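*Asks:* Dropping the structure in here first, questions after.
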Amino acid sequence: MCKCGADFSSAANTRIEVQSPVETDDGYGGRSTAWNPLLSLWASVEPMAGREIYVSAQQQSRVDARMTIRYQSALSDTTAAARNRVVVGSRTYNIAAVRNLAADLKTEGRDFQQLLCMEGQAS
């Protein structure tokens with residue numbers, strides 16, 4: 001678990017890919033969404049909470065996660081960043097919020113970012 005910026009290099013042991021949506025017309029009056037790679041980087045991924053939910057009468061398991069990364073200007077606009085998603089191996093997480101943090105990981109700054117994510121398909 002990454003508690004401060006000093007040990008980030010050893011804690012960031014998971015490769016993640018941040019993807020951005022691109023909507024196109026499908027030619028029949030509808031729209032389709034494709035996901036393009038935006039960033040590929042190392043992160044410290046911490047599971048936060050797990051739950052079971054029912055979707056379309058099927059039981060599914062969901063996990064929330066906190067991902068700590070080095071500051072990326074492409075994710076500095078937290079409203080725009082929430083439209084993106086993160087892929088970790090075979091799992092897909094929706095970005096719910098982005099926190100811009102200083103090296104102590106407690107105060108606002110431009111050293112690190114925490115991506116607060118929820119597992120599932122992007123909306």
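The chains in the structure tokens are called A, B, ... from first to last as shown; in each chain the residues are counted from 1, and the ligands are counted from 1 in the order shown.
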Just want the 10 Å neighbourhood of Asn94 (chain A), counted on only C-alpha atoms, with same-chain residues fewer than 3 positions away dropped. Output as a compact mmCIF listing (two decimals) with N, CA and C atoms, in the first residue's frame.
*Replies:*
# COMPACT_ATOMS: atom_id res chain seq x y z
N VAL A 18 -5.28 3.85 -19.30
CA VAL A 18 -6.41 4.77 -19.26
C VAL A 18 -6.90 4.91 -20.69
N GLN A 19 -8.20 4.73 -20.88
CA GLN A 19 -8.79 4.81 -22.22
C GLN A 19 -9.83 5.92 -22.27
N ASP A 64 -14.58 -1.68 -5.84
CA ASP A 64 -14.09 -0.31 -5.97
C ASP A 64 -12.59 -0.32 -5.70
N ALA A 65 -11.86 0.56 -6.36
CA ALA A 65 -10.40 0.58 -6.19
C ALA A 65 -9.89 2.02 -6.20
N ALA A 81 -11.84 13.78 -16.93
CA ALA A 81 -11.23 12.48 -16.61
C ALA A 81 -12.29 11.45 -16.23
N ALA A 82 -13.40 11.89 -15.68
CA ALA A 82 -14.45 10.95 -15.25
C ALA A 82 -15.15 10.29 -16.43
N ARG A 83 -14.95 10.78 -17.63
CA ARG A 83 -15.51 10.13 -18.82
C ARG A 83 -14.65 8.95 -19.28
N ASN A 84 -13.44 8.89 -18.78
CA ASN A 84 -12.50 7.84 -19.18
C ASN A 84 -12.70 6.58 -18.34
N ARG A 85 -11.98 5.53 -18.72
CA ARG A 85 -12.00 4.29 -17.94
C ARG A 85 -10.57 3.78 -17.83
N VAL A 86 -10.38 2.84 -16.90
CA VAL A 86 -9.07 2.24 -16.66
C VAL A 86 -9.19 0.73 -16.86
N VAL A 87 -8.26 0.17 -17.60
CA VAL A 87 -8.21 -1.28 -17.78
C VAL A 87 -6.99 -1.81 -17.04
N ALA A 97 -13.72 9.69 -9.75
CA ALA A 97 -13.13 10.96 -9.33
C ALA A 97 -11.62 10.88 -9.45
N LEU A 115 -6.88 7.93 -8.62
CA LEU A 115 -8.08 7.66 -9.41
C LEU A 115 -8.99 6.80 -8.55
N LEU A 116 -10.15 7.33 -8.22
CA LEU A 116 -11.14 6.57 -7.45
C LEU A 116 -12.07 5.92 -8.47
N CYS A 117 -12.07 4.60 -8.52
CA CYS A 117 -12.70 3.87 -9.61
C CYS A 117 -13.71 2.84 -9.11
N MET A 118 -14.68 2.55 -9.98
CA MET A 118 -15.68 1.52 -9.73
C MET A 118 -15.63 0.53 -10.88
N GLU A 119 -15.59 -0.74 -10.54
CA GLU A 119 -15.53 -1.78 -11.57
C GLU A 119 -16.85 -1.85 -12.32
N GLY A 120 -16.78 -2.09 -13.61
CA GLY A 120 -17.99 -2.25 -14.41
C GLY A 120 -17.82 -1.64 -15.78
N GLN A 121 -18.83 -1.77 -16.58
CA GLN A 121 -18.81 -1.21 -17.91
C GLN A 121 -19.06 0.29 -17.85
N ALA A 122 -18.36 1.02 -18.68
CA ALA A 122 -18.52 2.48 -18.72
C ALA A 122 -19.90 2.83 -19.24
N SER A 123 -20.42 3.91 -18.70
CA SER A 123 -21.77 4.34 -19.12
C SER A 123 -21.70 5.30 -20.28
*Asks:* Run DSSP on the backbone and tell me which residues of chain A come out as alpha helix (DSSP H); list them as a PyMOL selection string.
*Replies:* chain A and resi 8-11+78-81
*Asks:* Put those residues in a file: N, CA and C atoms, as a PDB file, in the first residue's frame.
*Replies:*
ATOM      1  N   PHE A   8       6.672   5.313  -3.641  1.00  0.00           N
ATOM      2  CA  PHE A   8       5.796   5.097  -4.790  1.00  0.00           C
ATOM      3  C   PHE A   8       6.422   4.153  -5.816  1.00  0.00           C
ATOM      4  N   SER A   9       7.699   4.296  -6.073  1.00  0.00           N
ATOM      5  CA  SER A   9       8.346   3.470  -7.102  1.00  0.00           C
ATOM      6  C   SER A   9       8.227   1.988  -6.804  1.00  0.00           C
ATOM      7  N   SER A  10       8.337   1.609  -5.541  1.00  0.00           N
ATOM      8  CA  SER A  10       8.220   0.189  -5.196  1.00  0.00           C
ATOM      9  C   SER A  10       6.761  -0.253  -5.108  1.00  0.00           C
ATOM     10  N   ALA A  11       5.850   0.664  -4.796  1.00  0.00           N
ATOM     11  CA  ALA A  11       4.436   0.305  -4.665  1.00  0.00           C
ATOM     12  C   ALA A  11       3.710   0.274  -6.009  1.00  0.00           C
ATOM     13  N   THR A  78     -10.681  17.065 -13.711  1.00  0.00           N
ATOM     14  CA  THR A  78     -11.333  15.909 -13.106  1.00  0.00           C
ATOM     15  C   THR A  78     -12.691  15.600 -13.729  1.00  0.00           C
ATOM     16  N   THR A  79     -13.382  16.610 -14.236  1.00  0.00           N
ATOM     17  CA  THR A  79     -14.672  16.369 -14.884  1.00  0.00           C
ATOM     18  C   THR A  79     -14.480  15.605 -16.189  1.00  0.00           C
ATOM     19  N   ALA A  80     -13.500  16.012 -16.983  1.00  0.00           N
ATOM     20  CA  ALA A  80     -13.210  15.318 -18.243  1.00  0.00           C
ATOM     21  C   ALA A  80     -12.647  13.925 -17.972  1.00  0.00           C
ATOM     22  N   ALA A  81     -11.838  13.775 -16.932  1.00  0.00           N
ATOM     23  CA  ALA A  81     -11.234  12.477 -16.612  1.00  0.00           C
ATOM     24  C   ALA A  81     -12.293  11.447 -16.229  1.00  0.00           C
TER      25      ALA A  81
END
*Asks:* Which neighbours of Ile16 (chain A) fall inside 6 Å, counting only C-alpha atoms, when residues of the same chain fewer than 6 positions from it are skipped, and could you give them as a count of residues only?
*Replies:* 4
*Asks:* Which residues are near Ala102 (chain A)? Cut-off 8 Å, only C-alpha atoms, ignore same chain within fewer than 6 positions. Put them as an mmCIF file with C-alpha atoms, in the first residue's frame.
*Replies:*
data_model
loop_
_atom_site.group_PDB
_atom_site.id
_atom_site.type_symbol
_atom_site.label_atom_id
_atom_site.label_comp_id
_atom_site.auth_asym_id
_atom_site.auth_seq_id
_atom_site.Cartn_x
_atom_site.Cartn_y
_atom_site.Cartn_z
ATOM 1 C CA GLU A 108 -3.685 19.254 -2.988
ATOM 2 C CA GLY A 109 -0.735 19.283 -5.367
ATOM 3 C CA ARG A 110 0.813 18.188 -8.639
ATOM 4 C CA ASP A 111 3.007 15.262 -7.664
ATOM 5 C CA PHE A 112 0.541 12.365 -7.704
#
*Asks:* If you run DSSP over the backbone, which residues in region 8-113 of chain A end up strand (DSSP E)? Put them as number ranges by chain.
*Replies:* A: 14-25, 31-55, 58-70, 85-88, 91-101, 112-113
*Asks:* Go ahead and write the selection's residues with C-alpha atoms as a short mmCIF file (atom, residue, chain, number, x, y, z; two decimals), in the first residue's frame.
*Replies:*
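Output below, filename part-v3.cif:
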data_model
loop_
_atom_site.label_atom_id
_atom_site.label_comp_id
_atom_site.auth_asym_id
_atom_site.auth_seq_id
_atom_site.Cartn_x
_atom_site.Cartn_y
_atom_site.Cartn_z
CA THR A 14 0.63 -2.72 -11.71
CA ARG A 15 0.45 -1.64 -15.34
CA ILE A 16 -2.79 0.19 -16.16
CA GLU A 17 -4.20 1.69 -19.34
CA VAL A 18 -6.41 4.77 -19.26
CA GLN A 19 -8.79 4.81 -22.22
CA SER A 20 -10.91 7.63 -23.61
CA PRO A 21 -14.24 7.21 -25.42
CA VAL A 22 -14.73 8.11 -29.07
CA GLU A 23 -18.31 8.18 -30.34
CA THR A 24 -19.08 7.69 -34.01
CA ASP A 25 -22.26 7.50 -36.06
CA ARG A 31 -24.01 5.99 -32.17
CA SER A 32 -21.32 3.53 -31.18
CA THR A 33 -18.53 4.03 -28.68
CA ALA A 34 -14.97 2.84 -29.19
CA TRP A 35 -12.26 3.12 -26.56
CA ASN A 36 -8.84 4.50 -27.52
CA PRO A 37 -5.72 4.21 -25.35
CA LEU A 38 -4.90 7.55 -23.70
CA LEU A 39 -2.16 6.62 -21.21
CA SER A 40 -0.29 3.48 -20.23
CA LEU A 41 1.46 3.78 -16.87
CA TRP A 42 2.46 2.14 -13.61
CA ALA A 43 0.13 2.45 -10.62
CA SER A 44 -0.41 1.30 -7.09
CA VAL A 45 -3.84 -0.37 -7.13
CA GLU A 46 -5.67 -0.83 -3.83
CA PRO A 47 -9.07 -2.57 -3.62
CA MET A 48 -11.36 -0.45 -1.44
CA ALA A 49 -14.72 -2.20 -1.19
CA GLY A 50 -16.52 -5.14 -2.72
CA ARG A 51 -20.19 -5.86 -3.15
CA GLU A 52 -22.59 -8.15 -4.94
CA ILE A 53 -25.34 -6.62 -7.04
CA TYR A 54 -28.10 -7.86 -9.32
CA VAL A 55 -28.06 -6.67 -12.92
CA GLN A 58 -28.03 -11.93 -12.59
CA GLN A 59 -25.79 -11.70 -9.57
CA GLN A 60 -22.51 -9.85 -10.20
CA SER A 61 -19.54 -8.96 -8.04
CA ARG A 62 -18.15 -5.41 -8.13
CA VAL A 63 -15.00 -3.94 -6.60
CA ASP A 64 -14.09 -0.31 -5.97
CA ALA A 65 -10.40 0.58 -6.19
CA ARG A 66 -8.04 3.46 -5.53
CA MET A 67 -5.21 3.78 -8.06
CA THR A 68 -2.29 6.06 -7.30
CA ILE A 69 -0.26 7.34 -10.25
CA ARG A 70 2.31 10.03 -10.92
CA ARG A 85 -12.00 4.29 -17.94
CA VAL A 86 -9.07 2.24 -16.66
CA VAL A 87 -8.21 -1.28 -17.78
CA VAL A 88 -6.18 -3.44 -15.38
CA ARG A 91 -10.87 -5.83 -15.45
CA THR A 92 -12.46 -2.54 -16.48
CA TYR A 93 -12.98 0.32 -14.01
CA ASN A 94 -14.95 3.54 -14.47
CA ILE A 95 -13.20 6.63 -13.10
CA ALA A 96 -15.51 8.22 -10.53
CA ALA A 97 -13.13 10.96 -9.33
CA VAL A 98 -9.54 12.17 -9.60
CA ARG A 99 -7.61 13.71 -6.70
CA ASN A 100 -4.54 15.84 -7.51
CA LEU A 101 -2.11 15.37 -4.61
CA PHE A 112 0.54 12.36 -7.70
CA GLN A 113 -3.05 11.59 -8.60
#
*Asks:* Please, what distance in Å, to one decimal, runs between CA of Ala12 (chain A) and CA of Gln114 (chain A)?
*Replies:*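 Value for the CA of Ala12 (chain A)-CA of Gln114 (chain A) distance: 12.2 Å.
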*Asks:* Between CA of Leu75 (chain A) and CA of Gly30 (chain A), what is the distance in Å, rounded to a tenth?
*Replies:*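 Going from CA of Leu75 (chain A) over to CA of Gly30 (chain A) covers 28.8 Å.
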